[in-house]
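**Q** The following file, entry_19.pdb, comprises PDB, C-alpha atoms:
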MODEL        1
ATOM      1  CA  MET A  10      15.546 -12.402 -64.052
ATOM      2  CA  SER A  11      13.283 -14.133 -61.540
ATOM      3  CA  GLU A  12       9.682 -12.894 -61.466
ATOM      4  CA  ARG A  13      10.394 -10.582 -58.545
ATOM      5  CA  PRO A  14      13.406  -8.382 -59.257
ATOM      6  CA  ARG A  15      16.107  -8.562 -56.632
ATOM      7  CA  ARG A  16      17.212  -4.964 -57.075
ATOM      8  CA  VAL A  17      15.258  -2.070 -58.606
ATOM      9  CA  ALA A  18      16.137   1.498 -59.544
ATOM     10  CA  VAL A  19      13.552   4.237 -59.040
ATOM     11  CA  ILE A  20      14.517   7.272 -61.100
ATOM     12  CA  GLY A  21      12.608  10.367 -60.019
ATOM     13  CA  THR A  22      11.246  10.456 -56.471
ATOM     14  CA  GLY A  23       8.267  12.772 -56.629
ATOM     15  CA  VAL A  24       4.721  11.681 -55.784
ATOM     16  CA  ILE A  25       4.773   8.772 -58.250
ATOM     17  CA  GLY A  26       8.396   7.711 -57.804
ATOM     18  CA  ARG A  27       8.240   7.585 -54.028
ATOM     19  CA  SER A  28       5.058   5.510 -54.242
ATOM     20  CA  TRP A  29       6.773   3.074 -56.634
ATOM     21  CA  SER A  30       9.583   2.720 -54.101
ATOM     22  CA  ARG A  31       7.063   1.398 -51.577
ATOM     23  CA  VAL A  32       5.565  -1.004 -54.123
ATOM     24  CA  PHE A  33       8.966  -2.613 -54.595
ATOM     25  CA  THR A  34      10.273  -2.585 -51.024
ATOM     26  CA  ARG A  35       6.978  -3.992 -49.768
ATOM     27  CA  ALA A  36       7.515  -6.916 -52.135
ATOM     28  CA  GLY A  37      10.987  -7.508 -50.719
ATOM     29  CA  CYS A  38      13.018  -5.783 -53.452
ATOM     30  CA  ASP A  39      15.991  -3.569 -52.653
ATOM     31  CA  VAL A  40      15.417  -0.141 -54.188
ATOM     32  CA  GLN A  41      18.087   2.335 -55.276
ATOM     33  CA  ALA A  42      16.496   5.766 -55.626
ATOM     34  CA  TRP A  43      17.775   8.856 -57.399
ATOM     35  CA  ASP A  44      16.420  12.266 -58.277
ATOM     36  CA  PRO A  45      18.260  15.275 -59.724
ATOM     37  CA  GLN A  46      16.953  17.228 -56.721
ATOM     38  CA  PRO A  47      18.619  15.851 -53.548
ATOM     39  CA  ALA A  48      15.834  17.341 -51.423
ATOM     40  CA  ALA A  49      13.310  15.237 -53.328
ATOM     41  CA  VAL A  50      15.209  12.059 -52.437
ATOM     42  CA  SER A  51      15.380  13.033 -48.773
ATOM     43  CA  ALA A  52      11.657  13.783 -48.745
ATOM     44  CA  ALA A  53      10.925  10.443 -50.417
ATOM     45  CA  VAL A  54      12.975   8.539 -47.847
ATOM     46  CA  ALA A  55      11.138  10.275 -44.995
ATOM     47  CA  TRP A  56       7.773   9.546 -46.639
ATOM     48  CA  HIS A  57       8.779   5.900 -47.181
ATOM     49  CA  THR A  58       9.688   5.527 -43.499
ATOM     50  CA  ARG A  59       6.233   6.767 -42.512
ATOM     51  CA  GLU A  60       4.540   4.398 -44.968
ATOM     52  CA  VAL A  61       6.454   1.402 -43.623
ATOM     53  CA  ALA A  62       5.248   2.253 -40.122
ATOM     54  CA  ARG A  63       1.683   2.756 -41.365
ATOM     55  CA  ASP A  64       1.676  -0.611 -43.146
ATOM     56  CA  ARG A  65       2.465  -2.318 -39.865
ATOM     57  CA  ASP A  66      -0.794  -0.938 -38.477
ATOM     58  CA  GLU A  67      -2.889  -1.075 -41.663
ATOM     59  CA  PRO A  68      -2.300  -4.085 -43.943
ATOM     60  CA  ALA A  69      -1.266  -2.941 -47.411
ATOM     61  CA  PRO A  70      -3.221  -4.055 -50.529
ATOM     62  CA  ALA A  71      -0.483  -6.487 -51.543
ATOM     63  CA  GLY A  72       0.140  -7.757 -48.032
ATOM     64  CA  ASN A  73       3.245  -7.144 -45.981
ATOM     65  CA  ALA A  74       6.177  -9.162 -47.220
ATOM     66  CA  SER A  75       9.605  -8.750 -45.693
ATOM     67  CA  ASP A  76      10.548  -5.183 -46.506
ATOM     68  CA  GLY A  77      13.356  -4.541 -48.920
ATOM     69  CA  ARG A  78      15.743  -1.656 -48.400
ATOM     70  CA  LEU A  79      15.407   1.825 -49.853
ATOM     71  CA  THR A  80      18.791   3.408 -50.496
ATOM     72  CA  PRO A  81      19.222   6.974 -51.781
ATOM     73  CA  MET A  82      21.924   7.254 -54.440
ATOM     74  CA  ARG A  83      24.089  10.207 -55.405
ATOM     75  CA  THR A  84      24.010   9.720 -59.182
ATOM     76  CA  LEU A  85      21.809   8.084 -61.798
ATOM     77  CA  GLN A  86      24.696   5.781 -62.661
ATOM     78  CA  ASP A  87      24.940   4.631 -59.040
ATOM     79  CA  ALA A  88      21.187   4.090 -58.893
ATOM     80  CA  VAL A  89      21.076   1.680 -61.832
ATOM     81  CA  ALA A  90      24.219  -0.269 -60.929
ATOM     82  CA  GLY A  91      23.396  -3.957 -60.692
ATOM     83  CA  VAL A  92      19.626  -3.572 -61.018
ATOM     84  CA  ASP A  93      17.191  -5.922 -62.754
ATOM     85  CA  TYR A  94      14.451  -3.380 -63.383
ATOM     86  CA  VAL A  95      14.250   0.423 -63.682
ATOM     87  CA  GLN A  96      11.102   2.480 -63.063
ATOM     88  CA  GLU A  97      11.478   6.035 -64.379
ATOM     89  CA  SER A  98       9.134   8.711 -63.031
ATOM     90  CA  GLY A  99      10.689  11.931 -64.271
ATOM     91  CA  PRO A 100       9.071  15.034 -65.808
ATOM     92  CA  GLU A 101       6.182  14.418 -68.188
ATOM     93  CA  SER A 102       7.771  15.859 -71.320
ATOM     94  CA  LEU A 103       9.155  14.089 -74.353
ATOM     95  CA  PRO A 104      12.559  15.878 -74.362
ATOM     96  CA  ALA A 105      13.040  15.084 -70.674
ATOM     97  CA  LYS A 106      12.038  11.451 -71.116
ATOM     98  CA  ARG A 107      14.312  11.043 -74.120
ATOM     99  CA  ALA A 108      17.264  12.499 -72.241
ATOM    100  CA  ILE A 109      16.689  10.276 -69.198
ATOM    101  CA  PHE A 110      16.252   7.124 -71.275
ATOM    102  CA  ALA A 111      19.395   7.896 -73.261
ATOM    103  CA  GLU A 112      21.307   7.917 -69.962
ATOM    104  CA  LEU A 113      19.542   4.829 -68.666
ATOM    105  CA  ASP A 114      20.254   2.895 -71.846
ATOM    106  CA  VAL A 115      23.975   3.503 -71.424
ATOM    107  CA  ALA A 116      24.227   3.092 -67.668
ATOM    108  CA  ALA A 117      21.804   0.275 -66.787
ATOM    109  CA  PRO A 118      22.820  -3.392 -67.045
ATOM    110  CA  PRO A 119      22.041  -4.731 -70.552
ATOM    111  CA  ARG A 120      19.337  -7.135 -69.336
ATOM    112  CA  ALA A 121      17.535  -4.619 -67.113
ATOM    113  CA  ILE A 122      14.050  -3.548 -68.214
ATOM    114  CA  LEU A 123      13.647   0.221 -68.598
ATOM    115  CA  ALA A 124      10.056   1.168 -67.699
ATOM    116  CA  SER A 125       8.486   4.617 -67.723
ATOM    117  CA  SER A 126       5.617   5.937 -65.608
ATOM    118  CA  THR A 127       4.651   8.325 -68.418
ATOM    119  CA  SER A 128       0.932   9.038 -68.419
ATOM    120  CA  ALA A 129       0.571   9.970 -72.080
ATOM    121  CA  ILE A 130       3.755   9.696 -74.179
ATOM    122  CA  ASP A 131       4.395   6.982 -76.771
ATOM    123  CA  MET A 132       7.383   4.790 -75.901
ATOM    124  CA  SER A 133       8.225   4.673 -79.620
ATOM    125  CA  ALA A 134       9.023   8.391 -79.371
ATOM    126  CA  ILE A 135      10.877   8.117 -76.056
ATOM    127  CA  ALA A 136      13.130   5.243 -77.180
ATOM    128  CA  ASP A 137      13.579   6.317 -80.797
ATOM    129  CA  GLY A 138      17.190   5.747 -81.844
ATOM    130  CA  LEU A 139      18.289   3.994 -78.645
ATOM    131  CA  SER A 140      20.363   0.858 -79.067
ATOM    132  CA  GLY A 141      18.378  -0.751 -76.254
ATOM    133  CA  ALA A 142      14.922   0.298 -77.459
ATOM    134  CA  GLN A 143      13.822  -3.335 -77.334
ATOM    135  CA  ARG A 144      13.884  -3.276 -73.507
ATOM    136  CA  CYS A 145      12.016   0.030 -73.090
ATOM    137  CA  ILE A 146       8.355  -0.042 -72.073
ATOM    138  CA  VAL A 147       5.553   2.034 -70.560
ATOM    139  CA  ALA A 148       4.379   0.951 -67.099
ATOM    140  CA  HIS A 149       1.934   3.741 -66.267
ATOM    141  CA  PRO A 150       0.440   3.473 -62.766
ATOM    142  CA  VAL A 151      -2.677   4.933 -61.254
ATOM    143  CA  ASN A 152      -1.665   7.441 -58.586
ATOM    144  CA  PRO A 153      -0.591   6.281 -56.021
ATOM    145  CA  PRO A 154       0.668   2.861 -57.184
ATOM    146  CA  HIS A 155       1.440   1.587 -53.690
ATOM    147  CA  VAL A 156      -2.308   1.782 -53.005
ATOM    148  CA  VAL A 157      -3.985   1.398 -56.425
ATOM    149  CA  PRO A 158      -2.755  -1.753 -58.217
ATOM    150  CA  ALA A 159      -3.631  -1.114 -61.897
ATOM    151  CA  VAL A 160      -0.653  -0.402 -64.198
ATOM    152  CA  GLU A 161      -1.018   0.216 -67.942
ATOM    153  CA  VAL A 162       1.596  -1.684 -69.948
ATOM    154  CA  LEU A 163       2.482  -0.790 -73.528
ATOM    155  CA  GLY A 164       5.614  -1.348 -75.540
ATOM    156  CA  GLY A 165       7.038   0.889 -78.209
ATOM    157  CA  ARG A 166       7.672   0.105 -81.850
ATOM    158  CA  GLU A 167      10.848  -1.861 -81.048
ATOM    159  CA  THR A 168       9.902  -3.301 -77.666
ATOM    160  CA  THR A 169      10.165  -7.088 -77.755
ATOM    161  CA  ALA A 170       7.414  -9.473 -76.704
ATOM    162  CA  GLU A 171       9.860 -10.838 -74.133
ATOM    163  CA  THR A 172      10.129  -7.396 -72.517
ATOM    164  CA  VAL A 173       6.336  -7.076 -72.360
ATOM    165  CA  ASP A 174       5.952 -10.544 -70.850
ATOM    166  CA  GLU A 175       8.724  -9.986 -68.310
ATOM    167  CA  THR A 176       7.301  -6.618 -67.281
ATOM    168  CA  ILE A 177       3.913  -8.210 -66.682
ATOM    169  CA  ARG A 178       5.523 -10.934 -64.574
ATOM    170  CA  VAL A 179       7.462  -8.369 -62.539
ATOM    171  CA  LEU A 180       4.406  -6.212 -61.894
ATOM    172  CA  ARG A 181       2.311  -9.165 -60.810
ATOM    173  CA  ALA A 182       5.107 -10.425 -58.586
ATOM    174  CA  VAL A 183       5.237  -7.108 -56.688
ATOM    175  CA  GLY A 184       1.469  -6.983 -56.177
ATOM    176  CA  GLN A 185       0.317  -4.813 -59.093
ATOM    177  CA  SER A 186      -2.379  -5.570 -61.673
ATOM    178  CA  PRO A 187      -0.997  -5.005 -65.194
ATOM    179  CA  VAL A 188      -3.429  -3.882 -67.897
ATOM    180  CA  ILE A 189      -2.156  -4.585 -71.418
ATOM    181  CA  LEU A 190      -2.778  -2.079 -74.207
ATOM    182  CA  THR A 191      -2.587  -3.271 -77.815
ATOM    183  CA  ARG A 192      -1.733   0.068 -79.418
ATOM    184  CA  TYR A 193      -0.803   3.610 -78.464
ATOM    185  CA  VAL A 194      -3.389   6.341 -77.992
ATOM    186  CA  PRO A 195      -2.619   9.663 -76.259
ATOM    187  CA  GLY A 196      -3.376   9.385 -72.547
ATOM    188  CA  PHE A 197      -3.701   5.573 -72.701
ATOM    189  CA  LEU A 198      -6.866   4.201 -71.052
ATOM    190  CA  VAL A 199      -6.752   5.698 -67.565
ATOM    191  CA  ASN A 200      -6.373   9.336 -68.504
ATOM    192  CA  ARG A 201      -8.729   9.225 -71.478
ATOM    193  CA  LEU A 202     -11.506   7.799 -69.307
ATOM    194  CA  GLN A 203     -10.605  10.101 -66.429
ATOM    195  CA  MET A 204     -10.519  13.223 -68.598
ATOM    196  CA  ALA A 205     -13.850  12.343 -70.202
ATOM    197  CA  LEU A 206     -15.441  12.509 -66.757
ATOM    198  CA  VAL A 207     -13.442  15.571 -65.658
ATOM    199  CA  ARG A 208     -14.384  17.384 -68.895
ATOM    200  CA  GLU A 209     -18.076  16.810 -68.275
ATOM    201  CA  ALA A 210     -17.767  17.715 -64.568
ATOM    202  CA  LEU A 211     -16.128  21.028 -65.493
ATOM    203  CA  SER A 212     -18.775  21.660 -68.136
ATOM    204  CA  LEU A 213     -21.624  21.015 -65.686
ATOM    205  CA  LEU A 214     -20.017  23.313 -63.131
ATOM    206  CA  SER A 215     -19.272  26.038 -65.690
ATOM    207  CA  SER A 216     -22.843  26.034 -67.023
ATOM    208  CA  GLY A 217     -24.365  26.224 -63.545
ATOM    209  CA  VAL A 218     -26.128  22.853 -63.633
ATOM    210  CA  ALA A 219     -24.843  21.873 -60.192
ATOM    211  CA  THR A 220     -22.276  22.763 -57.544
ATOM    212  CA  ALA A 221     -18.874  21.124 -57.317
ATOM    213  CA  ASP A 222     -20.011  19.280 -54.193
ATOM    214  CA  ALA A 223     -23.092  17.894 -55.950
ATOM    215  CA  ILE A 224     -21.041  16.726 -58.913
ATOM    216  CA  ASP A 225     -18.533  15.032 -56.616
ATOM    217  CA  ALA A 226     -21.377  13.484 -54.619
ATOM    218  CA  VAL A 227     -22.927  11.622 -57.556
ATOM    219  CA  VAL A 228     -19.533  10.037 -58.227
ATOM    220  CA  ARG A 229     -18.430   9.605 -54.604
ATOM    221  CA  ASP A 230     -21.754   8.251 -53.286
ATOM    222  CA  GLY A 231     -23.180   6.884 -56.524
ATOM    223  CA  LEU A 232     -21.323   5.928 -59.662
ATOM    224  CA  GLY A 233     -17.961   5.430 -57.970
ATOM    225  CA  LEU A 234     -19.325   2.753 -55.641
ATOM    226  CA  ARG A 235     -20.239   0.581 -58.622
ATOM    227  CA  TRP A 236     -17.100   1.467 -60.525
ATOM    228  CA  ALA A 237     -14.981   0.285 -57.596
ATOM    229  CA  LEU A 238     -16.257  -3.200 -58.409
ATOM    230  CA  LEU A 239     -17.137  -3.186 -62.112
ATOM    231  CA  GLY A 240     -16.119  -1.049 -65.081
ATOM    232  CA  PRO A 241     -18.546   0.676 -67.470
ATOM    233  CA  PHE A 242     -19.273  -2.489 -69.457
ATOM    234  CA  GLY A 243     -19.648  -4.598 -66.329
ATOM    235  CA  VAL A 244     -22.004  -2.036 -64.791
ATOM    236  CA  ALA A 245     -24.093  -1.906 -67.978
ATOM    237  CA  ASN A 246     -24.222  -5.701 -67.998
ATOM    238  CA  THR A 247     -25.766  -5.726 -64.511
ATOM    239  CA  ASN A 248     -28.138  -2.798 -65.104
ATOM    240  CA  ALA A 249     -30.559  -4.853 -67.185
ATOM    241  CA  ASP A 250     -31.791  -8.414 -66.767
ATOM    242  CA  GLY A 251     -30.741  -9.112 -70.350
ATOM    243  CA  GLY A 252     -27.246  -7.747 -69.781
ATOM    244  CA  VAL A 253     -25.305  -5.201 -71.801
ATOM    245  CA  ARG A 254     -27.081  -6.134 -75.048
ATOM    246  CA  GLU A 255     -30.465  -5.272 -73.590
ATOM    247  CA  TYR A 256     -29.071  -2.169 -71.878
ATOM    248  CA  LEU A 257     -27.592  -0.708 -75.060
ATOM    249  CA  THR A 258     -30.637  -1.684 -77.119
ATOM    250  CA  ARG A 259     -33.460  -0.698 -74.762
ATOM    251  CA  TYR A 260     -31.863   2.634 -73.858
ATOM    252  CA  ARG A 261     -30.278   3.286 -77.241
ATOM    253  CA  THR A 262     -32.235   6.451 -77.964
ATOM    254  CA  SER A 263     -31.460   7.967 -74.572
ATOM    255  CA  ILE A 264     -27.809   6.937 -74.693
ATOM    256  CA  GLU A 265     -27.268   8.299 -78.192
ATOM    257  CA  GLY A 266     -29.086  11.512 -77.311
ATOM    258  CA  LEU A 267     -26.974  12.085 -74.208
ATOM    259  CA  MET A 268     -23.738  11.350 -76.039
ATOM    260  CA  ALA A 269     -24.699  13.777 -78.788
ATOM    261  CA  ASP A 270     -25.496  16.436 -76.175
ATOM    262  CA  LEU A 271     -22.036  16.324 -74.622
ATOM    263  CA  GLY A 272     -20.585  19.635 -75.695
ATOM    264  CA  GLU A 273     -17.239  21.344 -75.969
ATOM    265  CA  SER A 274     -14.897  21.599 -73.013
ATOM    266  CA  PRO A 275     -15.059  24.869 -71.036
ATOM    267  CA  PRO A 276     -11.893  26.977 -71.382
ATOM    268  CA  LEU A 277      -9.667  26.707 -68.325
ATOM    269  CA  GLU A 278      -9.310  30.435 -67.798
ATOM    270  CA  ALA A 279      -7.693  31.656 -64.592
ATOM    271  CA  SER A 280     -10.946  32.973 -63.100
ATOM    272  CA  PHE A 281     -12.728  29.669 -63.727
ATOM    273  CA  VAL A 282      -9.858  27.633 -62.282
ATOM    274  CA  GLU A 283      -9.845  29.848 -59.181
ATOM    275  CA  GLY A 284     -13.577  29.290 -58.803
ATOM    276  CA  VAL A 285     -13.071  25.528 -58.977
ATOM    277  CA  GLY A 286     -10.331  25.843 -56.359
ATOM    278  CA  GLN A 287     -12.537  27.835 -53.999
ATOM    279  CA  ALA A 288     -15.414  25.368 -54.388
ATOM    280  CA  THR A 289     -13.094  22.453 -53.665
ATOM    281  CA  ASP A 290     -11.595  24.220 -50.650
ATOM    282  CA  ALA A 291     -15.102  24.708 -49.283
ATOM    283  CA  MET A 292     -15.884  20.987 -49.726
ATOM    284  CA  GLU A 293     -12.764  20.012 -47.803
ATOM    285  CA  ALA A 294     -13.611  22.472 -45.002
ATOM    286  CA  GLY A 295      -9.976  23.340 -44.406
ATOM    287  CA  ALA A 296      -8.744  19.763 -44.007
ATOM    288  CA  PRO A 297      -4.987  19.573 -44.729
ATOM    289  CA  ARG A 298      -4.411  17.966 -48.125
ATOM    290  CA  ASP A 299      -1.939  15.444 -46.699
ATOM    291  CA  GLU A 300      -4.568  14.256 -44.221
ATOM    292  CA  VAL A 301      -7.143  13.857 -46.986
ATOM    293  CA  ARG A 302      -4.611  11.969 -49.094
ATOM    294  CA  GLU A 303      -3.764   9.641 -46.217
ATOM    295  CA  TRP A 304      -7.479   9.028 -45.565
ATOM    296  CA  ARG A 305      -8.008   8.280 -49.264
ATOM    297  CA  ASP A 306      -5.108   5.835 -49.361
ATOM    298  CA  ARG A 307      -6.258   4.084 -46.202
ATOM    299  CA  LEU A 308      -9.810   3.529 -47.472
ATOM    300  CA  VAL A 309      -8.734   2.540 -50.980
ATOM    301  CA  SER A 310      -6.390  -0.021 -49.408
ATOM    302  CA  ARG A 311      -9.330  -1.483 -47.522
ATOM    303  CA  ILE A 312     -11.467  -1.613 -50.674
ATOM    304  CA  VAL A 313      -8.680  -3.392 -52.572
ATOM    305  CA  ALA A 314      -8.271  -5.854 -49.692
ATOM    306  CA  LEU A 315     -12.029  -6.512 -49.621
ATOM    307  CA  LYS A 316     -12.121  -7.143 -53.373
ATOM    308  CA  ARG A 317      -9.256  -9.606 -53.129
ATOM    309  CA  ALA A 318     -10.865 -11.386 -50.183
ATOM    310  CA  ASP A 319     -14.256 -11.590 -51.954
ATOM    311  CA  PRO A 320     -13.453 -11.624 -55.693
ATOM    312  CA  HIS A 321     -15.765 -11.447 -58.687
ATOM    313  CA  PRO A 322     -17.415 -14.882 -59.193
ATOM    314  CA  THR A 323     -15.309 -15.686 -62.271
ATOM    315  CA  ARG A 324     -12.074 -13.923 -61.329
ATOM    316  CA  THR A 325      -9.645 -14.735 -58.573
ATOM    317  CA  SER A 326      -7.921 -11.325 -58.567
ATOM    318  CA  ASP A 327      -8.334  -7.805 -59.903
TER
ENDMDL
END
In structure tokens, how does this file's structure come out?

**A**
Amino acid sequence: MSERPRRVAVIGTGVIGRSWSRVFTRAGCDVQAWDPQPAAVSAAVAWHTREVARDRDEPAPAGNASDGRLTPMRTLQDAVAGVDYVQESGPESLPAKRAIFAELDVAAPPRAILASSTSAIDMSAIADGLSGAQRCIVAHPVNPPHVVPAVEVLGGRETTAETVDETIRVLRAVGQSPVILTRYVPGFLVNRLQMALVREALSLLSSGVATADAIDAVVRDGLGLRWALLGPFGVANTNADGGVREYLTRYRTSIEGLMADLGESPPLEASFVEGVGQATDAMEAGAPRDEVREWRDRLVSRIVALKRADPHPTRTSD
């Protein structure tokens, strides 16, 4: 396979799958899309058409290459016919993933990579017992992948080094930024870090320390601005003249005390969840969710473009 796959199958066309379709067509790949729900495929095609038009007005993070075609397919077997790479984005459950990958392993061309968007499941469990387990791999994106470039890459027990290397080349060739994990942990990196923050946000809200808007504000207008450029270690390294060593040493007592004070997660009872929903609704002031999502994607695209135009002093890309 060349670095950029000529033809790609997107299996599952919900929020993640439809976004993957734009990643690949934007890079010039022809995409064959399938979902067990025909309405989901139709909705994805309509969404994709709108995104293509939007990219003409607002440059996408990866630039605007000649668009590939998006073709809806009637069956999974039709979708994987002749493809070089498969991106599965089906239900997030081990039985469902195992069933889909069993079909993919039989139907997809022998040299095609079989990648999963799973956000938490070990590929060793998904591909267990498959004759083609060596070509199965996790390629977990940040939602939505056509806007946010990071993709977590992790093989299973039988995944070959060649599959890992080829997946990394493919992802880079279509404008994504692969992040390589060295071993499995539930939730990978993205969701473990994300849930650590969400857990504390829910705890602060539940205990009455601050409102939902205040909690969002310190991330939106504070921490998140730094995190858009540097991760937690990079931020710590710039927060003290002596770098991360000084930061963790000088503030050791405070840091250890705060970490020890982080308590148990609040139970997600229905009344609490409804309260969170009402507080969030009030913050959005009735704005339609699709409009907020489109605004988010548009601004994140601009941030990504700015970072690539003015990269970190020692890095040429994200």

**Q** Nearest residue to Val54 in chain A out of A:Gln185, A:Thr80, A:Asn200, A:Thr191, using only C-alpha atoms?

**A**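 That would be A:Thr80, the residue with the smallest distance to Val54 in chain A.
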
**Q** Can you measure CA of Val228 in chain A to CA of Glu293 in chain A for me? One decimal in Å is fine.

**A**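 Here the two named atoms are 15.9 Å from each other.
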
**Q** Edge lengths and centre in Å to one decimal, as lines of an AutoDock Vina configuration file, is what I'm after for the box along x, y and z that holds all listed atoms of range 184-192 of chain A once 8 Å is added on each side.

**A**
center_x = -1.0
center_y = -3.5
center_z = -67.8
size_x = 20.9
size_y = 23.1
size_z = 39.2

**Q** Rank A:Gln86, A:Ser98, A:Thr168, A:Ser128 by their smallest atom-to-atom distance to Glu112 in chain A, using only C-alpha atoms, and report the top residue only.

**A** A:Gln86

**Q** Using all atoms listed in the file for the distances, tell me which of A:Val207, A:Leu214, A:Val162, A:Ala136 is nearest to Phe281 in chain A.

**A**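 Checking each of A:Val207, A:Leu214, A:Val162, A:Ala136 against Phe281 in chain A, counting all atoms listed in the file, the winner is A:Leu214.
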
**Q** Using only C-alpha atoms, find the one residue out of A:Val194, A:Val309, A:Ile122, A:Val282 that sits nearest to Thr169 in chain A.

**A**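 Closest to Thr169 in chain A, using only C-alpha atoms: A:Ile122.
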
**Q** Got a sec: who's within 12 Å of range 60-66 of chain A, counting all atoms listed in the file, leaving out chain neighbours fewer than 4 positions off, as a tab-separated table (two decimals) with C-alpha atoms, keeping the file's coordinate frame?

**A**
chain	number	residue	atom	x	y	z
A	27	ARG	CA	8.24	7.58	-54.03
A	28	SER	CA	5.06	5.51	-54.24
A	29	TRP	CA	6.77	3.07	-56.63
A	30	SER	CA	9.58	2.72	-54.10
A	31	ARG	CA	7.06	1.40	-51.58
A	32	VAL	CA	5.56	-1.00	-54.12
A	33	PHE	CA	8.97	-2.61	-54.60
A	34	THR	CA	10.27	-2.58	-51.02
A	35	ARG	CA	6.98	-3.99	-49.77
A	36	ALA	CA	7.52	-6.92	-52.14
A	53	ALA	CA	10.92	10.44	-50.42
A	54	VAL	CA	12.98	8.54	-47.85
A	55	ALA	CA	11.14	10.28	-45.00
A	56	TRP	CA	7.77	9.55	-46.64
A	70	PRO	CA	-3.22	-4.06	-50.53
A	71	ALA	CA	-0.48	-6.49	-51.54
A	72	GLY	CA	0.14	-7.76	-48.03
A	73	ASN	CA	3.24	-7.14	-45.98
A	74	ALA	CA	6.18	-9.16	-47.22
A	75	SER	CA	9.60	-8.75	-45.69
A	76	ASP	CA	10.55	-5.18	-46.51
A	77	GLY	CA	13.36	-4.54	-48.92
A	78	ARG	CA	15.74	-1.66	-48.40
A	79	LEU	CA	15.41	1.82	-49.85
A	155	HIS	CA	1.44	1.59	-53.69
A	156	VAL	CA	-2.31	1.78	-53.00
A	303	GLU	CA	-3.76	9.64	-46.22
A	304	TRP	CA	-7.48	9.03	-45.56
A	306	ASP	CA	-5.11	5.84	-49.36
A	307	ARG	CA	-6.26	4.08	-46.20
A	310	SER	CA	-6.39	-0.02	-49.41
A	311	ARG	CA	-9.33	-1.48	-47.52

**Q** For a quick check of understanding, using only C-alpha atoms, which of A:Leu85, A:Thr176, A:Ile264, A:Val157 has the smallest distance to Leu308 in chain A?

**A**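 Smallest distance to Leu308 in chain A is found for A:Val157.
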
**Q** So, counting all atoms listed in the file, which residue among A:Gln203, A:Ser215, A:Thr22, A:Thr247 is closest to Ser280 in chain A?

**A** A:Ser215

**Q** Which value, in Å to one decimal, gives the distance between CA of Asp87 in chain A and CA of Glu167 in chain A?

**A**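 Separation between CA of Asp87 in chain A and CA of Glu167 in chain A: 26.9 Å.
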
**Q** Starting from the displayed file, determine the output of the PyMOL selection byres ((chain A and resi 276) around 12) and express the residue list as a PyMOL selection string.

**A** chain A and resi 208+211-212+215-216+273-275+277-282

**Q** What is the CA of Leu238 in chain A to CA of Lys316 in chain A distance in Å?

**A**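 The value is 7.6 Å.
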
**Q** Can you tell me, as a list in words, which residues sit within 9 Å of (11.9, 4.6, -75.7) in the file's frame, using only C-alpha atoms?

**A**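 Answer for this query, in the requested form: Lys106, Arg107, Phe110, Ala111, Leu123, Ala124, Ser125, Asp131, Met132, Ser133, Ala134, Ile135, Ala136, Asp137, Gly138, Leu139, Gly141, Ala142, Gln143, Arg144, Cys145, Ile146, Val147, Gly164, Gly165, Arg166, Glu167 and Thr168 of chain A.
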
**Q** Since we have the selection now, will you write its residues out, keeping C-alpha atoms, as a JSON list (two decimals), in the frame of the given file?

**A**
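Writing done, so here's again.json:
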[["chain", "number", "residue", "atom", "x", "y", "z"],
["A", 106, "LYS", "CA", 12.04, 11.45, -71.12],
["A", 107, "ARG", "CA", 14.31, 11.04, -74.12],
["A", 110, "PHE", "CA", 16.25, 7.12, -71.28],
["A", 111, "ALA", "CA", 19.40, 7.90, -73.26],
["A", 123, "LEU", "CA", 13.65, 0.22, -68.60],
["A", 124, "ALA", "CA", 10.06, 1.17, -67.70],
["A", 125, "SER", "CA", 8.49, 4.62, -67.72],
["A", 131, "ASP", "CA", 4.39, 6.98, -76.77],
["A", 132, "MET", "CA", 7.38, 4.79, -75.90],
["A", 133, "SER", "CA", 8.22, 4.67, -79.62],
["A", 134, "ALA", "CA", 9.02, 8.39, -79.37],
["A", 135, "ILE", "CA", 10.88, 8.12, -76.06],
["A", 136, "ALA", "CA", 13.13, 5.24, -77.18],
["A", 137, "ASP", "CA", 13.58, 6.32, -80.80],
["A", 138, "GLY", "CA", 17.19, 5.75, -81.84],
["A", 139, "LEU", "CA", 18.29, 3.99, -78.64],
["A", 141, "GLY", "CA", 18.38, -0.75, -76.25],
["A", 142, "ALA", "CA", 14.92, 0.30, -77.46],
["A", 143, "GLN", "CA", 13.82, -3.34, -77.33],
["A", 144, "ARG", "CA", 13.88, -3.28, -73.51],
["A", 145, "CYS", "CA", 12.02, 0.03, -73.09],
["A", 146, "ILE", "CA", 8.36, -0.04, -72.07],
["A", 147, "VAL", "CA", 5.55, 2.03, -70.56],
["A", 164, "GLY", "CA", 5.61, -1.35, -75.54],
["A", 165, "GLY", "CA", 7.04, 0.89, -78.21],
["A", 166, "ARG", "CA", 7.67, 0.10, -81.85],
["A", 167, "GLU", "CA", 10.85, -1.86, -81.05],
["A", 168, "THR", "CA", 9.90, -3.30, -77.67]]

**Q** Apply the PyMOL selection byres ((chain A and resi 21) around 9) to the displayed file and report the matching residues as an MDAnalysis selection string.

**A** chainID A and resid 19:20 22:23 25:27 42:46 49:50 96:100
